[in-house]
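Raw protein_26.cif, mmCIF, C-alpha atoms and all ligand atoms:
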```cif
data_my_file
loop_
_atom_site.label_atom_id
_atom_site.label_comp_id
_atom_site.auth_asym_id
_atom_site.auth_seq_id
_atom_site.Cartn_x
_atom_site.Cartn_y
_atom_site.Cartn_z
CA MET A 1282 108.87 14.20 57.47
CA TRP A 1283 108.23 12.84 60.99
CA GLN A 1284 111.88 11.83 61.23
CA ILE A 1285 112.95 15.40 60.39
CA LEU A 1286 110.64 16.80 63.07
CA LEU A 1287 111.87 14.20 65.58
CA ASN A 1288 115.50 15.04 64.84
CA ARG A 1289 114.79 18.76 65.21
CA PHE A 1290 113.02 18.11 68.53
CA LYS A 1291 116.00 16.10 69.78
CA GLN A 1292 118.39 18.90 68.81
CA GLY A 1293 116.55 21.28 71.11
CA TYR A 1294 117.46 24.95 71.55
CA ARG A 1295 120.97 25.51 70.18
CA THR A 1296 121.63 29.23 70.74
CA ILE A 1297 124.24 29.83 73.44
CA PRO A 1298 123.15 32.00 76.39
CA TYR A 1299 126.01 34.47 75.77
CA PRO A 1300 126.47 37.13 77.12
CA LYS A 1301 124.62 35.93 80.26
CA SER A 1302 127.26 33.22 80.52
CA VAL A 1303 130.43 32.56 78.54
CA PRO A 1304 130.83 29.03 77.15
CA SER A 1305 134.08 27.21 77.92
CA PHE A 1306 136.71 27.15 75.20
CA PRO A 1307 138.70 24.09 74.12
CA LYS A 1308 142.10 23.71 75.81
CA ARG A 1309 143.96 24.62 72.62
CA TYR A 1310 142.18 28.00 72.39
CA ARG A 1311 144.60 30.93 72.64
CA GLY A 1312 143.02 34.04 74.08
CA ARG A 1313 144.37 37.25 75.58
CA PRO A 1314 148.07 37.07 76.59
CA VAL A 1315 148.69 37.28 80.35
CA ASP A 1316 151.81 37.45 82.53
CA VAL A 1317 153.21 39.84 79.94
CA LYS A 1318 156.82 40.92 80.46
CA GLY A 1319 157.43 44.12 78.53
CA GLU A 1320 154.72 44.61 75.94
CA VAL A 1321 152.75 42.71 73.32
CA ASN A 1322 151.03 44.24 70.29
CA LEU A 1323 147.65 42.49 70.03
CA GLY A 1324 147.18 43.91 66.53
CA GLU A 1325 150.27 42.11 65.24
CA LEU A 1326 149.91 38.88 67.21
CA LEU A 1327 148.82 35.92 65.06
CA PHE A 1328 147.93 33.70 68.04
CA ASN A 1329 149.34 30.71 66.15
CA GLU A 1330 152.84 30.81 67.52
CA GLU A 1331 153.95 29.51 70.87
CA ALA A 1332 154.47 32.42 73.22
CA PRO A 1333 158.17 33.23 73.53
CA LYS A 1334 159.17 31.48 76.75
CA GLY A 1335 158.74 33.76 79.74
CA ASP A 1336 157.43 36.73 77.72
CA PHE A 1337 153.73 35.89 78.16
CA THR A 1338 151.27 33.01 78.27
CA TYR A 1339 147.97 32.67 76.45
CA SER A 1340 144.85 32.76 78.62
CA GLN A 1341 141.32 31.63 77.72
CA ASP A 1342 140.01 35.20 77.88
CA HIS A 1343 138.29 35.99 74.57
CA ARG A 1344 137.92 39.75 75.22
CA LEU A 1345 140.35 41.62 72.95
CA ALA A 1346 138.48 44.45 71.17
CA VAL A 1347 139.71 48.01 71.69
CA SER A 1348 138.66 51.44 70.45
CA LYS A 1349 142.08 52.98 69.82
CA LYS A 1350 145.10 51.60 68.03
CA GLU A 1351 147.42 52.48 70.92
CA ASP A 1352 145.26 50.35 73.24
CA LEU A 1353 146.37 47.28 71.26
CA ILE A 1354 149.73 47.49 73.04
CA LEU A 1355 149.38 45.28 76.09
CA LYS A 1356 151.64 46.39 78.95
CA ASP A 1357 151.71 44.89 82.44
CA ASN A 1358 148.57 42.83 81.66
CA GLU A 1359 146.43 45.96 81.43
CA ILE A 1360 143.95 46.23 78.57
CA LYS A 1361 141.61 49.11 77.82
CA LEU A 1362 138.71 47.25 76.24
CA ALA A 1363 136.48 49.04 73.71
CA ARG A 1364 134.33 51.86 75.01
CA ALA A 1365 130.66 52.41 74.23
CA LEU A 1366 129.70 54.85 71.47
CA ASP A 1367 128.53 58.30 72.49
CA GLU A 1368 124.88 58.53 73.56
CA LYS A 1369 123.58 60.00 70.29
CA THR A 1370 125.21 57.35 68.07
CA LYS A 1371 124.23 54.60 70.51
CA ARG A 1372 120.60 55.69 70.29
CA LEU A 1373 120.84 55.50 66.48
CA PHE A 1374 122.56 52.10 66.24
CA GLY A 1375 121.64 50.44 69.55
CA ARG A 1376 118.48 48.66 68.39
CA SER A 1377 119.42 48.01 64.79
CA LEU A 1378 122.93 47.97 63.37
CA LYS A 1379 123.35 47.10 59.69
CA LEU A 1380 126.85 46.30 58.55
CA ARG A 1381 128.43 45.89 55.15
CA GLN A 1382 131.41 43.52 55.05
CA VAL A 1383 134.42 44.41 52.90
CA CYS A 1384 136.98 41.69 52.24
CA ALA A 1385 140.08 43.70 51.44
CA GLY A 1386 142.36 40.87 50.43
CA GLY A 1387 142.63 38.47 53.40
CA CYS A 1388 142.70 34.67 53.43
CA SER A 1389 138.93 34.31 54.11
CA GLY A 1390 139.51 32.99 57.63
CA CYS A 1391 138.04 36.13 59.22
CA GLU A 1392 135.11 36.09 56.78
CA ALA A 1393 134.35 32.48 57.78
CA GLU A 1394 134.16 33.52 61.46
CA LEU A 1395 131.85 36.42 60.54
CA GLN A 1396 129.59 34.03 58.61
CA VAL A 1397 129.43 31.68 61.58
CA MET A 1398 127.96 34.46 63.70
CA ASN A 1399 124.74 34.19 61.70
CA ILE A 1400 124.09 30.52 62.53
CA ASN A 1401 121.73 29.56 65.33
CA VAL A 1402 124.57 29.01 67.85
CA PHE A 1403 125.56 32.69 67.96
CA ASP A 1404 122.42 34.15 66.34
CA LEU A 1405 123.74 37.65 65.70
CA GLY A 1406 120.25 38.83 64.69
CA ARG A 1407 118.96 38.58 68.28
CA PHE A 1408 121.11 41.64 69.10
CA GLY A 1409 119.66 43.61 66.19
CA ILE A 1410 122.88 43.29 64.18
CA GLN A 1411 122.68 42.23 60.55
CA PHE A 1412 124.90 42.14 57.47
CA VAL A 1413 123.51 43.89 54.40
CA ALA A 1414 124.46 43.79 50.72
CA SER A 1415 124.81 47.50 50.00
CA PRO A 1416 126.86 50.16 51.82
CA ARG A 1417 123.99 52.57 51.11
CA HIS A 1418 121.80 50.52 53.45
CA ALA A 1419 124.53 50.15 56.09
CA ASP A 1420 125.35 51.94 59.34
CA GLY A 1421 128.94 50.84 59.11
CA LEU A 1422 131.64 48.66 57.60
CA VAL A 1423 133.36 45.51 58.81
CA ILE A 1424 136.74 45.29 57.11
CA THR A 1425 138.86 42.15 56.86
CA GLY A 1426 142.17 41.70 55.07
CA PRO A 1427 145.27 43.91 54.92
CA VAL A 1428 143.85 46.17 52.17
CA THR A 1429 145.70 45.14 49.07
CA LYS A 1430 146.54 47.86 46.57
CA ASN A 1431 143.85 46.40 44.28
CA MET A 1432 141.20 46.80 47.00
CA GLU A 1433 142.16 50.27 48.21
CA LEU A 1434 139.92 52.23 45.83
CA ALA A 1435 137.01 49.81 46.34
CA LEU A 1436 137.31 50.27 50.13
CA LYS A 1437 137.43 54.08 49.82
CA LYS A 1438 134.35 54.08 47.55
CA THR A 1439 132.45 51.72 49.87
CA TYR A 1440 133.29 53.99 52.81
CA GLU A 1441 132.09 57.06 50.93
CA ALA A 1442 128.87 55.28 49.89
CA THR A 1443 127.98 54.54 53.54
CA PRO A 1444 125.83 57.32 54.99
CA HIS A 1445 126.91 59.35 58.05
CA PRO A 1446 127.11 58.69 60.93
CA LYS A 1447 128.91 55.40 60.45
CA ILE A 1448 131.06 53.00 62.38
CA VAL A 1449 134.11 51.22 60.94
CA ILE A 1450 135.31 47.95 62.41
CA ALA A 1451 138.64 46.29 61.58
CA VAL A 1452 138.40 42.53 62.15
CA GLY A 1453 141.56 40.43 62.35
CA SER A 1454 145.27 41.00 62.44
CA CYS A 1455 145.37 41.68 58.67
CA ALA A 1456 142.87 44.54 58.86
CA ILE A 1457 144.72 46.01 61.85
CA SER A 1458 148.37 45.70 60.86
CA GLY A 1459 148.73 43.60 57.71
CA GLY A 1460 148.86 40.34 59.70
CA PRO A 1461 150.94 37.58 58.13
CA PHE A 1462 151.31 39.75 55.00
CA ARG A 1463 153.14 42.46 56.94
CA GLY A 1464 156.15 43.76 54.99
CA SER A 1465 154.62 43.13 51.56
CA SER A 1466 154.80 46.06 49.14
CA GLU A 1467 151.38 45.07 47.74
CA ILE A 1468 149.35 45.98 50.84
CA ARG A 1469 148.46 49.05 52.93
CA HIS A 1470 149.12 47.42 56.34
CA GLY A 1471 145.66 47.84 57.79
CA ALA A 1472 142.31 49.47 57.18
CA ASP A 1473 143.14 52.64 59.11
CA GLN A 1474 145.75 53.55 56.49
CA VAL A 1475 142.80 54.12 54.15
CA VAL A 1476 139.70 54.97 56.25
CA PRO A 1477 139.17 55.94 59.92
CA VAL A 1478 138.58 52.93 62.20
CA ASP A 1479 136.43 52.98 65.37
CA LEU A 1480 136.87 49.42 66.64
CA TYR A 1481 139.84 47.03 66.40
CA ILE A 1482 139.19 43.31 66.93
CA PRO A 1483 142.47 41.34 67.05
CA GLY A 1484 142.96 37.67 66.18
CA CYS A 1485 143.95 35.54 63.23
CA PRO A 1486 141.09 34.96 62.91
CA PRO A 1487 139.25 36.29 65.98
CA HIS A 1488 136.82 33.85 67.64
CA PRO A 1489 133.14 34.74 66.93
CA LEU A 1490 132.73 35.55 70.64
CA THR A 1491 135.65 38.01 70.44
CA ILE A 1492 133.88 39.77 67.56
CA LEU A 1493 130.53 39.67 69.37
CA ASP A 1494 132.13 41.01 72.56
CA GLY A 1495 133.52 44.00 70.60
CA LEU A 1496 130.20 44.74 68.90
CA LEU A 1497 128.17 44.51 72.11
CA ARG A 1498 130.75 46.61 73.96
CA VAL A 1499 130.44 49.57 71.53
CA LEU A 1500 126.66 49.24 71.58
CA ASP A 1501 126.77 49.11 75.41
CA LYS A 1502 124.70 45.92 75.39
CA LEU A 1503 126.90 43.57 77.36
CA ASP A 1504 125.13 43.97 80.70
CA LYS A 1505 121.67 44.27 79.20
CA HIS A 1506 121.16 40.67 78.07
S1 LIG A 1601 143.76 37.95 60.08
FE1 LIG A 1601 144.39 35.81 59.71
S2 LIG A 1601 142.45 34.72 59.40
FE2 LIG A 1601 142.01 36.92 59.13
S3 LIG A 1601 142.19 37.31 56.94
FE3 LIG A 1601 144.20 37.73 57.87
S4 LIG A 1601 145.38 35.82 57.68
FE4 LIG A 1601 143.21 35.32 57.36
#
```

Take the structure in the file and write it out as structure tokens.
Ligand code: SF4
Amino acid sequence: MWQILLNRFKQGYRTIPYPKSVPSFPKRYRGRPVDVKGEVNLGELLFNEEAPKGDFTYSQDHRLAVSKKEDLILKDNEIKLARALDEKTKRLFGRSLKLRQVCAGGCSGCEAELQVMNINVFDLGRFGIQFVASPRHADGLVITGPVTKNMELALKKTYEATPHPKIVIAVGSCAISGGPFRGSSEIRHGADQVVPVDLYIPGCPPHPLTILDGLLRVLDKLDKH
């Protein structure tokens, strides 16, 4: 018992001070492309391939979330990051946002990153954001996976069961464009082929801080912590 308490004392306070400061990423981390020649579609990028020589280089910038699908096209290094919700919706969701997660056929990589956001390092709950079991108790959906044909009806029903107003968030390249499954006849190539999407968070999978950045951006909470 004393040993457990001693170990806990030695561990100290583990929650990162984000967003007051951004922790450094390991060298191998691949964030937002920079020095882009031509254009890059962030929604299709898997971030696992070497950048085609001269076309762009990966930076360590984790900020990738956008509000509109067309904003996923990165041209001349410009990115229109996600905008805050309108005042009325922000007042409703700003202090408490309950989300229902729908895995629509992905590889579980994105779900693992979403799970990690609940541990003490990221501590999603301190921002008033929480995952709930039922869409009827939710303010919005977080969708991962390319939406397989088998999951299409389940996604539609979950969307309909979520009360208005609601926010829909597509997390990961699969949920935005089909990701590595693009071209398959068994998928719908992204959540917005089935339900309207308000926030696109690219990555395969996105880093937890990329997801957190998107959520705090729409809630207009980035400068307030
Ligand atoms: S975007 Fe990548 S990590 Fe996420 S579900 Fe699809 S394949 Fe897996």

(request) Have a look at CA of Leu1378 (chain A) and CA of His1343 (chain A) and let me know their distance in Å, one decimal. (result) 22.5 Å

(request) Enumerate residues in contact with ligand LIG 1601 (chain A): an atom-to-atom distance of at most 6 Å, counting all atoms listed in the file. Format the result as number ranges by chain. (result) A: 1387-1391, 1425-1426, 1453-1455, 1460-1461, 1485-1486

(message) Taking only C-alpha atoms into account, name the residue in A:His1418, A:Lys1502, A:Lys1350, A:Arg1376 that is nearest to Asp1473 (chain A).
(response)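 Ranked by minimum distance to Asp1473 (chain A), first place goes to A:Lys1350.
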
(request) Could you jot down the CA of Val1428 (chain A) to CA of Ala1363 (chain A) separation for me, Å, one decimal place? (result)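 Separating CA of Val1428 (chain A) from CA of Ala1363 (chain A) is a distance of 22.9 Å.
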
(message) Can you pull out the residues contacting Pro1446 (chain A)? Cut-off 8 Å, using all atoms listed in the file, and skip same-chain residues under 2 positions away; I want them as a VMD selection string.
(response) chain A and resid 1370 1420 1444 1448

(message) With 7 Å as the threshold, what does the neighbourhood of (140.0, 56.9, 50.8) contain in terms of residues, counting all atoms listed in the file? Coordinates are those of the file; answer as a list in words.
(response) Leu1434, Lys1437, Val1475 and Val1476 of chain A

Expected file: the selected residues, C-alpha atoms, as an mmCIF file, keeping the file's coordinate frame:
```cif
data_model
loop_
_atom_site.group_PDB
_atom_site.id
_atom_site.type_symbol
_atom_site.label_atom_id
_atom_site.label_comp_id
_atom_site.auth_asym_id
_atom_site.auth_seq_id
_atom_site.Cartn_x
_atom_site.Cartn_y
_atom_site.Cartn_z
ATOM 1 C CA LEU A 1434 139.920 52.230 45.830
ATOM 2 C CA LYS A 1437 137.430 54.080 49.820
ATOM 3 C CA VAL A 1475 142.800 54.120 54.150
ATOM 4 C CA VAL A 1476 139.700 54.970 56.250
#
```

(request) Return the single residue from A:Gly1409, A:Gly1375, A:Pro1427, A:Pro1298 that is closest to Ala1451 (chain A), with distances computed using only C-alpha atoms. (result)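 Of all the options, A:Pro1427 lies closest to Ala1451 (chain A).
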
(request) Give me, please, the distance in Å between CA of Gln1474 (chain A) and CA of Leu1323 (chain A), quoted to one decimal. (result) 17.6 Å

What are the closest atom pairs, with distances in Å to one decimal, for all residues of region 1444-1487 of chain A lying within 10 Å of region 1300-1319 of chain A? Consider only C-alpha atoms, order rows by chain and residue number, and present the result as CSV.
```
residue,atom,partner,partner_atom,distance
A:Pro1483,CA,A:Arg1313,CA,9.6
A:Gly1484,CA,A:Gly1312,CA,8.7
A:Pro1487,CA,A:Gly1312,CA,9.2
```

Given the selection you just returned, output its residues as a file containing C-alpha atoms, formatted as a PDB file, in the frame of the given file.
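So again.pdb came out as:
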```
ATOM      1  CA  PRO A1483     142.470  41.340  67.050  1.00  0.00           C
ATOM      2  CA  GLY A1484     142.960  37.670  66.180  1.00  0.00           C
ATOM      3  CA  PRO A1487     139.250  36.290  65.980  1.00  0.00           C
TER       4      PRO A1487
END
```

(request) Tell me which of A:Ala1385, A:Ile1457, A:Leu1500, A:Val1478 sits closest to Lys1369 (chain A), counting all atoms listed in the file. (result)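 Looking at the shortest contact to Lys1369 (chain A), the residue is A:Leu1500.
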
(request) For a cut-off of 7 Å around (131.3, 40.5, 58.1), file coordinates, pick out all residues using all atoms listed in the file and list them as a PyMOL selection string. (result) chain A and resi 1381-1382+1392+1395-1396+1412+1423

(message) If we count only C-alpha atoms and set the cut-off at 8 Å, which residues sit around region 1490-1492 of chain A, ignoring sequence neighbours fewer than 4 positions away in its own chain? Please answer as a ChimeraX atom specification.
(response) /A:1343-1346,1452,1482,1496
